[in-house]
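First up is the structure itself, then whatever we jot down about it.
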Amino acid sequence: MKISKICCIGAGYVGGPTMSVIAQKCPHITVTIVDINEKRIAAWNDPDPARLPVYEPGLAEVVTEARGRNLFFSTDVDGAIAEADMVFISVNTPTKTYGKGKGMAADLKYIELCARQIAAAANSDKIIVEKSTLPVRTAEALKSILHNTGNGVSFHILSNPEFLAEGTAIQDLHDPDRVLIGGENPEAVQALVDVYASWVPRERILTTNLWSSELSKLTANAFLAQRVSSINAISELCERTGANVDEVARAIGTDSRIGGKFLRASVGFGGSCFQKDILNLVYIARSYGLHEVAHYWEQVIAMNDHQKRRFADNIVQTMYNTVSGKKIAFLGWAFKKDTNDTRESAAIYVADALLSEEARIVVYDPKVSAGQVYADLDYLGTRSPEENRRLVAVVNDPYEATGSAHAVAVLTEWDEFKAYDWPRIKEGMMKPAFLFDGRKLLAANRLPDLGFQYYAIGE
Ligand code: NAD
Ligand code: UDX
């Protein structure tokens, strides 16, 4: 099977960058990314690269190179499905907020809608690729929907989970550690292998059965998150014992069996994937009656919640047990640097805890809009939207954020924070000038020497 037309349903943080890179690297394939969100598609088509809906270093260049040549963004979902030989499903699979499995299971309604739409719009045989992160055995449900349409069209289903991390998506897509393809039909698997082999060395393209591929994605995220929770657990012990968590991380990370990556202690992991995927794993384990397995992975989330909470508690305690009426400047709102994504960002939960203590918060983030900050706080439902706007300000200038603040809290590890004029920031603050570094970002800035009361995670 030779692929000449690809359709991708879902123009989000995964569909957009992934398909843009396929189009860039495979000029012989026409790639059409479709979405029901008209505003998002309009933004992908915006001639001004600064207005693309996803901020990722290098993404604008890739889109500019391929858009209009063999890369298209459209709201015509049916039309793009009908034309394609291969359809990627890259829609969101958030944690369920209702019914059975509420707060744990993945909500598969968008996936099912896609399957039904594919079944209705297809008039020729197609390969369907699960790009979204899905519970193990979802392909079975997809198969059942697609094969019972009675329109004589046949479908092969593949699992091809995406391992890119936000902030480094383009780099990860250009040079992946591996590409994983699970499937039953060898020709269909080979067709997708051939797409990636345009730029990925063949030995890095792994092929497995469907269920191994689906389960490997949840497992990879669980392992990565587990490392962050493990080092965060040790960070608390460091704070009590005089050990330094960076030194411990270096000491253990140089053991080649452990490895040095994903050992940065932090205010807690965020992002749209880790928590959602572990909750899903826990739910699946429990549904098979594997309670010890479920309990084991649940602790990764429990530790992460604890880390976010104790960062906020430490701020209150250190500032003489009250932050009521005090101004606290937040540097960073995104869940990590180099992205405008704020889903599950630790900053949201730290802010919520401090607002409950009647703090006033002023946020500065280089890429996150005021509207997004308020939407994140409103979504929690802890207080009214009016109250959130009264207590929280969002500004475009870090010196404005920190001016006359009682404390500064670093929530995201944006590089630019290291280059700030810290003596000037201290001058402008209330004294003592408290600085809480949730990312251990400013250790080299010698802030205690400048007269800051400096507290970093794990020191
Ligand atoms: P997203 O919310 O940014 O994008 C999903 C898009 O799908 C939205 O624009 C939405 O409008 C669209 N959509 C939903 N239903 C649709 C339908 N029926 N027809 C057309 N469009 C529809 O989500 P995302 O971050 O891109 O994640 C997508 C999937 O990839 C999830 O399963 C996620 O777990 C997985 N994933 C995400 C990342 C990441 O870093 N964000 C990494 C790896 C895997
Ligand atoms: C993650 C996975 O890395 C990626 O493979 C998958 O496809 C999607 O989920 P992402 O959430 O985009 O990617 O970013 P990641 O770099 O994994 O960071 C997740 C969170 O963990 C961030 O909040 C980050 O700040 C935090 N983190 C990461 C740490 O606190 N310490 C670390 O050492 C690494």
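Numbering starts fresh at 1 for the residues of each chain in the structure tokens, the chains themselves are lettered A, B, ... in the order given, and ligands are numbered from 1 as they appear.
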Can I get the residues close to ligand 1 as a PyMOL selection string, where close means within 9 Å and we count only C-alpha atoms and all ligand atoms?
chain A and resi 8-17+34-38+40-41+54+75+77+89-94+106+109-115+117+130-134+161-167+169+217+271-274+276-277+341
Env of range 174-178 of chain A: 12 Å cut, atoms = only C-alpha atoms, seq-sep filter 5 positions within chain, self excluded. Answer as a count of residues only.
33
For range 351-353 of chain A, work out the shell of residues within 9 Å, counting only C-alpha atoms and skipping chain neighbours fewer than 6 positions away, then give it as a VMD selection string.
chain A and resid 309 312 to 313 330 359 361 377 380 382
Report the residues of range 60-245 of chain A whose backbone DSSP state falls under alpha helix (DSSP H), written as an MDAnalysis selection string.
chainID A and resid 60:66 77:83 109:121 138:147 169:174 186:196 210:241 245
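Interatomic distance, CA of Gln453 in chain A to CA of Leu263 in chain A: 25.4 Å.
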Find the residues around Leu224 in chain A up to 12 Å (only C-alpha atoms counted), leave out those fewer than 3 positions away in its own chain, and share them as an mmCIF file with all heavy atoms, in the first residue's frame.
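What landed in around_8.cif:
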data_model
loop_
_atom_site.group_PDB
_atom_site.id
_atom_site.type_symbol
_atom_site.label_atom_id
_atom_site.label_comp_id
_atom_site.auth_asym_id
_atom_site.auth_seq_id
_atom_site.Cartn_x
_atom_site.Cartn_y
_atom_site.Cartn_z
ATOM 1 N N PHE A 163 5.071 10.381 21.201
ATOM 2 C CA PHE A 163 5.911 10.554 22.390
ATOM 3 C C PHE A 163 6.512 11.951 22.488
ATOM 4 O O PHE A 163 7.354 12.195 23.354
ATOM 5 C CB PHE A 163 7.031 9.506 22.400
ATOM 6 C CG PHE A 163 6.523 8.095 22.556
ATOM 7 C CD1 PHE A 163 6.378 7.259 21.463
ATOM 8 C CD2 PHE A 163 6.141 7.622 23.810
ATOM 9 C CE1 PHE A 163 5.893 5.959 21.612
ATOM 10 C CE2 PHE A 163 5.649 6.328 23.966
ATOM 11 C CZ PHE A 163 5.523 5.497 22.865
ATOM 12 N N ALA A 165 7.304 15.693 23.502
ATOM 13 C CA ALA A 165 7.028 16.505 24.685
ATOM 14 C C ALA A 165 6.831 17.937 24.216
ATOM 15 O O ALA A 165 7.474 18.387 23.262
ATOM 16 C CB ALA A 165 8.184 16.413 25.675
ATOM 17 N N LYS A 217 2.265 3.375 25.574
ATOM 18 C CA LYS A 217 2.159 4.837 25.722
ATOM 19 C C LYS A 217 1.813 5.204 27.165
ATOM 20 O O LYS A 217 2.461 6.066 27.779
ATOM 21 C CB LYS A 217 1.102 5.378 24.755
ATOM 22 C CG LYS A 217 0.829 6.855 24.892
ATOM 23 C CD LYS A 217 2.057 7.694 24.604
ATOM 24 C CE LYS A 217 1.885 9.084 25.156
ATOM 25 N NZ LYS A 217 3.035 9.949 24.914
ATOM 26 N N LEU A 218 0.798 4.543 27.734
ATOM 27 C CA LEU A 218 0.431 4.828 29.126
ATOM 28 C C LEU A 218 1.605 4.497 30.045
ATOM 29 O O LEU A 218 1.895 5.212 31.016
ATOM 30 C CB LEU A 218 -0.791 4.000 29.550
ATOM 31 C CG LEU A 218 -2.113 4.320 28.872
ATOM 32 C CD1 LEU A 218 -3.229 3.451 29.460
ATOM 33 C CD2 LEU A 218 -2.479 5.787 29.048
ATOM 34 N N THR A 219 2.298 3.409 29.730
ATOM 35 C CA THR A 219 3.403 2.971 30.580
ATOM 36 C C THR A 219 4.564 3.966 30.533
ATOM 37 O O THR A 219 5.157 4.291 31.561
ATOM 38 C CB THR A 219 3.889 1.575 30.122
ATOM 39 O OG1 THR A 219 2.763 0.700 30.084
ATOM 40 C CG2 THR A 219 4.930 1.018 31.067
ATOM 41 N N ALA A 220 4.878 4.458 29.338
ATOM 42 C CA ALA A 220 5.987 5.418 29.218
ATOM 43 C C ALA A 220 5.693 6.655 30.061
ATOM 44 O O ALA A 220 6.550 7.128 30.823
ATOM 45 C CB ALA A 220 6.195 5.806 27.754
ATOM 46 N N ASN A 221 4.483 7.179 29.956
ATOM 47 C CA ASN A 221 4.163 8.377 30.738
ATOM 48 C C ASN A 221 4.159 8.086 32.235
ATOM 49 O O ASN A 221 4.590 8.917 33.035
ATOM 50 C CB ASN A 221 2.821 8.964 30.287
ATOM 51 C CG ASN A 221 3.000 9.900 29.108
ATOM 52 O OD1 ASN A 221 4.140 10.258 28.760
ATOM 53 N ND2 ASN A 221 1.919 10.307 28.481
ATOM 54 N N ARG A 227 9.379 9.076 37.888
ATOM 55 C CA ARG A 227 10.725 9.591 38.205
ATOM 56 C C ARG A 227 10.628 10.978 38.823
ATOM 57 O O ARG A 227 11.357 11.300 39.760
ATOM 58 C CB ARG A 227 11.588 9.650 36.935
ATOM 59 C CG ARG A 227 12.118 8.293 36.519
ATOM 60 C CD ARG A 227 12.838 8.392 35.204
ATOM 61 N NE ARG A 227 14.098 9.113 35.268
ATOM 62 C CZ ARG A 227 15.291 8.532 35.429
ATOM 63 N NH1 ARG A 227 15.374 7.225 35.549
ATOM 64 N NH2 ARG A 227 16.381 9.249 35.459
ATOM 65 N N VAL A 228 9.718 11.804 38.294
ATOM 66 C CA VAL A 228 9.581 13.160 38.852
ATOM 67 C C VAL A 228 9.055 13.071 40.285
ATOM 68 O O VAL A 228 9.570 13.746 41.189
ATOM 69 C CB VAL A 228 8.661 14.036 37.960
ATOM 70 C CG1 VAL A 228 8.500 15.420 38.575
ATOM 71 C CG2 VAL A 228 9.219 14.138 36.551
ATOM 72 N N SER A 229 8.058 12.224 40.507
ATOM 73 C CA SER A 229 7.541 12.091 41.879
ATOM 74 C C SER A 229 8.600 11.505 42.809
ATOM 75 O O SER A 229 8.683 11.886 43.978
ATOM 76 C CB SER A 229 6.281 11.213 41.902
ATOM 77 O OG SER A 229 5.146 12.008 41.630
ATOM 78 N N SER A 230 9.417 10.600 42.301
ATOM 79 C CA SER A 230 10.453 10.008 43.157
ATOM 80 C C SER A 230 11.462 11.070 43.583
ATOM 81 O O SER A 230 11.809 11.169 44.764
ATOM 82 C CB SER A 230 11.177 8.880 42.411
ATOM 83 O OG SER A 230 10.297 7.810 42.195
ATOM 84 N N ILE A 231 11.917 11.881 42.640
ATOM 85 C CA ILE A 231 12.909 12.895 43.014
ATOM 86 C C ILE A 231 12.245 13.978 43.879
ATOM 87 O O ILE A 231 12.862 14.527 44.793
ATOM 88 C CB ILE A 231 13.647 13.483 41.777
ATOM 89 C CG1 ILE A 231 14.966 14.159 42.199
ATOM 90 C CG2 ILE A 231 12.803 14.473 41.015
ATOM 91 C CD1 ILE A 231 16.038 13.242 42.681
ATOM 92 N N LYS A 261 18.237 11.758 33.133
ATOM 93 C CA LYS A 261 17.107 12.583 32.696
ATOM 94 C C LYS A 261 15.890 12.428 33.609
ATOM 95 O O LYS A 261 15.719 11.419 34.262
ATOM 96 C CB LYS A 261 16.718 12.193 31.267
ATOM 97 C CG LYS A 261 17.791 12.583 30.269
ATOM 98 C CD LYS A 261 17.360 12.252 28.869
ATOM 99 C CE LYS A 261 18.470 12.625 27.892
ATOM 100 N NZ LYS A 261 18.269 11.996 26.593
ATOM 101 N N PHE A 262 15.053 13.466 33.590
ATOM 102 C CA PHE A 262 13.803 13.449 34.370
ATOM 103 C C PHE A 262 14.051 13.300 35.864
ATOM 104 O O PHE A 262 13.318 12.596 36.569
ATOM 105 C CB PHE A 262 12.845 12.380 33.844
ATOM 106 C CG PHE A 262 11.832 12.987 32.923
ATOM 107 C CD1 PHE A 262 12.221 13.456 31.670
ATOM 108 C CD2 PHE A 262 10.520 13.172 33.314
ATOM 109 C CE1 PHE A 262 11.315 14.068 30.830
ATOM 110 C CE2 PHE A 262 9.598 13.779 32.480
ATOM 111 C CZ PHE A 262 10.001 14.232 31.234
ATOM 112 N N LEU A 263 15.092 13.952 36.345
ATOM 113 C CA LEU A 263 15.388 13.943 37.779
ATOM 114 C C LEU A 263 15.450 15.379 38.306
ATOM 115 O O LEU A 263 16.124 15.642 39.279
ATOM 116 C CB LEU A 263 16.725 13.235 38.041
ATOM 117 C CG LEU A 263 16.739 11.715 37.828
ATOM 118 C CD1 LEU A 263 18.129 11.146 38.091
ATOM 119 C CD2 LEU A 263 15.714 11.021 38.746
ATOM 120 N N ARG A 264 14.757 16.298 37.619
ATOM 121 C CA ARG A 264 14.738 17.681 38.116
ATOM 122 C C ARG A 264 13.593 17.844 39.109
ATOM 123 O O ARG A 264 12.415 17.746 38.742
ATOM 124 C CB ARG A 264 14.521 18.667 36.953
ATOM 125 C CG ARG A 264 15.812 19.210 36.346
ATOM 126 C CD ARG A 264 15.532 20.172 35.217
ATOM 127 N NE ARG A 264 14.854 19.536 34.098
ATOM 128 C CZ ARG A 264 13.586 19.752 33.749
ATOM 129 N NH1 ARG A 264 12.833 20.618 34.416
ATOM 130 N NH2 ARG A 264 13.055 19.121 32.736
ATOM 131 N N PHE A 269 4.808 18.026 38.638
ATOM 132 C CA PHE A 269 4.616 17.944 37.186
ATOM 133 C C PHE A 269 3.212 18.400 36.824
ATOM 134 O O PHE A 269 2.272 18.273 37.592
ATOM 135 C CB PHE A 269 4.905 16.541 36.645
ATOM 136 C CG PHE A 269 4.045 15.428 37.189
ATOM 137 C CD1 PHE A 269 2.716 15.284 36.809
ATOM 138 C CD2 PHE A 269 4.587 14.488 38.076
ATOM 139 C CE1 PHE A 269 1.931 14.229 37.294
ATOM 140 C CE2 PHE A 269 3.810 13.429 38.568
ATOM 141 C CZ PHE A 269 2.491 13.308 38.180
ATOM 142 N N CYS A 273 -0.893 15.371 30.001
ATOM 143 C CA CYS A 273 -0.745 13.919 29.827
ATOM 144 C C CYS A 273 -0.502 13.123 31.108
ATOM 145 O O CYS A 273 -1.186 12.130 31.343
ATOM 146 C CB CYS A 273 0.396 13.646 28.852
ATOM 147 S SG CYS A 273 -0.004 14.180 27.182
ATOM 148 N N PHE A 274 0.497 13.516 31.901
ATOM 149 C CA PHE A 274 0.944 12.623 32.974
ATOM 150 C C PHE A 274 -0.196 12.201 33.898
ATOM 151 O O PHE A 274 -0.438 11.016 34.108
ATOM 152 C CB PHE A 274 2.052 13.298 33.796
ATOM 153 C CG PHE A 274 3.417 13.227 33.145
ATOM 154 C CD1 PHE A 274 4.518 13.811 33.744
ATOM 155 C CD2 PHE A 274 3.600 12.572 31.941
ATOM 156 C CE1 PHE A 274 5.771 13.743 33.156
ATOM 157 C CE2 PHE A 274 4.844 12.500 31.336
ATOM 158 C CZ PHE A 274 5.941 13.089 31.949
ATOM 159 N N GLN A 275 -0.886 13.187 34.466
ATOM 160 C CA GLN A 275 -1.930 12.830 35.435
ATOM 161 C C GLN A 275 -3.052 12.035 34.770
ATOM 162 O O GLN A 275 -3.480 10.990 35.269
ATOM 163 C CB GLN A 275 -2.470 14.097 36.092
ATOM 164 C CG GLN A 275 -3.680 13.809 36.954
ATOM 165 C CD GLN A 275 -3.912 14.891 37.975
ATOM 166 O OE1 GLN A 275 -3.008 15.299 38.701
ATOM 167 N NE2 GLN A 275 -5.138 15.367 38.044
ATOM 168 N N ASP A 277 -3.011 10.197 32.109
ATOM 169 C CA ASP A 277 -2.651 8.854 31.668
ATOM 170 C C ASP A 277 -2.441 7.905 32.844
ATOM 171 O O ASP A 277 -2.770 6.726 32.773
ATOM 172 C CB ASP A 277 -1.414 8.901 30.754
ATOM 173 C CG ASP A 277 -1.731 9.584 29.426
ATOM 174 O OD1 ASP A 277 -2.919 9.800 29.139
ATOM 175 O OD2 ASP A 277 -0.795 9.913 28.682
ATOM 176 N N ILE A 278 -1.914 8.424 33.963
ATOM 177 C CA ILE A 278 -1.752 7.541 35.131
ATOM 178 C C ILE A 278 -3.122 7.204 35.719
ATOM 179 O O ILE A 278 -3.389 6.051 36.069
ATOM 180 C CB ILE A 278 -0.842 8.177 36.195
ATOM 181 C CG1 ILE A 278 0.572 8.306 35.634
ATOM 182 C CG2 ILE A 278 -0.818 7.337 37.471
ATOM 183 C CD1 ILE A 278 1.542 8.984 36.554
ATOM 184 N N TRP A 297 0.596 2.759 41.273
ATOM 185 C CA TRP A 297 0.716 3.910 40.369
ATOM 186 C C TRP A 297 -0.002 5.143 40.913
ATOM 187 O O TRP A 297 0.405 6.279 40.637
ATOM 188 C CB TRP A 297 0.231 3.543 38.965
ATOM 189 C CG TRP A 297 1.223 2.646 38.288
ATOM 190 C CD1 TRP A 297 1.075 1.327 38.002
ATOM 191 C CD2 TRP A 297 2.549 3.000 37.863
ATOM 192 N NE1 TRP A 297 2.219 0.834 37.426
ATOM 193 C CE2 TRP A 297 3.139 1.841 37.321
ATOM 194 C CE3 TRP A 297 3.303 4.184 37.885
ATOM 195 C CZ2 TRP A 297 4.436 1.826 36.805
ATOM 196 C CZ3 TRP A 297 4.588 4.177 37.364
ATOM 197 C CH2 TRP A 297 5.141 3.004 36.840
ATOM 198 N N VAL A 300 2.019 7.918 42.590
ATOM 199 C CA VAL A 300 2.745 8.928 41.793
ATOM 200 C C VAL A 300 1.951 10.245 41.784
ATOM 201 O O VAL A 300 2.517 11.337 41.906
ATOM 202 C CB VAL A 300 2.974 8.410 40.357
ATOM 203 C CG1 VAL A 300 3.601 9.476 39.485
ATOM 204 C CG2 VAL A 300 3.848 7.159 40.382
#
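The shortest atom-to-atom distance to Asn304 in chain A, with only C-alpha atoms taken into account, belongs to A:Ser266 out of A:Ser74, A:Thr402, A:Ser266, A:Thr149.
The shell of residues at most 8 Å from Gln190 in chain A, with only C-alpha atoms counted and near chain neighbours (fewer than 4 positions) removed, consists of Met1, Pro186 and Asp194 of chain A.
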Would you mind writing down, as a CSV table (one decimal) with N, CA, C and O atoms, in the first residue's frame, each residue of range 91-214 of chain A that DSSP on the backbone assigns to strand (DSSP E)?
chain,number,residue,atom,x,y,z
A,126,LYS,N,-9.4,2.2,3.9
A,126,LYS,CA,-8.5,3.1,4.6
A,126,LYS,C,-7.8,2.5,5.8
A,126,LYS,O,-8.3,1.5,6.3
A,127,ILE,N,-6.6,3.1,6.0
A,127,ILE,CA,-5.9,2.7,7.2
A,127,ILE,C,-6.2,3.8,8.3
A,127,ILE,O,-6.1,5.0,8.0
A,128,ILE,N,-6.7,3.3,9.5
A,128,ILE,CA,-7.0,4.2,10.5
A,128,ILE,C,-5.9,4.2,11.6
A,128,ILE,O,-5.6,3.1,12.1
A,129,VAL,N,-5.4,5.3,12.0
A,129,VAL,CA,-4.2,5.3,12.9
A,129,VAL,C,-4.6,6.0,14.2
A,129,VAL,O,-5.0,7.2,14.2
A,130,GLU,N,-4.5,5.3,15.3
A,130,GLU,CA,-4.7,5.9,16.6
A,130,GLU,C,-3.5,6.7,17.0
A,130,GLU,O,-2.5,6.1,17.3
A,155,PHE,N,-11.3,-1.5,6.7
A,155,PHE,CA,-10.4,-0.6,7.5
A,155,PHE,C,-9.4,-1.5,8.2
A,155,PHE,O,-9.7,-2.6,8.7
A,156,HIS,N,-8.1,-1.0,8.2
A,156,HIS,CA,-7.1,-1.6,9.0
A,156,HIS,C,-6.8,-0.6,10.1
A,156,HIS,O,-6.6,0.6,9.8
A,157,ILE,N,-6.7,-1.1,11.3
A,157,ILE,CA,-6.5,-0.1,12.5
A,157,ILE,C,-5.0,-0.3,13.0
A,157,ILE,O,-4.6,-1.4,13.2
A,158,LEU,N,-4.3,0.8,13.1
A,158,LEU,CA,-3.0,0.8,13.7
A,158,LEU,C,-3.0,1.7,14.9
A,158,LEU,O,-3.7,2.6,15.1
A,159,SER,N,-2.0,1.3,15.8
A,159,SER,CA,-1.8,2.2,17.0
A,159,SER,C,-0.4,2.8,16.8
A,159,SER,O,0.6,2.2,16.5
A,179,VAL,N,9.9,5.4,17.0
A,179,VAL,CA,8.5,5.6,16.6
A,179,VAL,C,7.9,4.2,16.8
A,179,VAL,O,8.5,3.2,16.5
A,180,LEU,N,6.7,4.2,17.4
A,180,LEU,CA,6.0,2.9,17.7
A,180,LEU,C,4.8,2.7,16.9
A,180,LEU,O,3.9,3.5,16.8
A,181,ILE,N,4.7,1.5,16.2
A,181,ILE,CA,3.6,1.2,15.4
A,181,ILE,C,3.1,-0.2,15.8
A,181,ILE,O,3.8,-1.2,15.7
A,182,GLY,N,1.8,-0.2,16.2
A,182,GLY,CA,1.2,-1.5,16.5
A,182,GLY,C,0.1,-1.9,15.5
A,182,GLY,O,-0.6,-1.0,15.1
A,183,GLY,N,0.1,-3.1,15.1
A,183,GLY,CA,-1.0,-3.5,14.1
A,183,GLY,C,-1.0,-4.9,13.8
A,183,GLY,O,-0.1,-5.7,14.2
A,205,ILE,N,12.3,2.5,14.2
A,205,ILE,CA,10.8,2.3,14.0
A,205,ILE,C,10.4,0.9,14.6
A,205,ILE,O,10.8,-0.1,14.0
A,206,LEU,N,9.8,0.9,15.7
A,206,LEU,CA,9.5,-0.4,16.4
A,206,LEU,C,8.1,-0.8,16.0
A,206,LEU,O,7.2,0.0,15.9
A,207,THR,N,7.9,-2.1,15.7
A,207,THR,CA,6.6,-2.6,15.4
A,207,THR,C,6.2,-3.6,16.4
A,207,THR,O,7.1,-4.5,16.8
A,208,THR,N,5.0,-3.6,16.9
A,208,THR,CA,4.5,-4.5,17.9
A,208,THR,C,3.0,-4.9,17.6
A,208,THR,O,2.5,-4.4,16.6
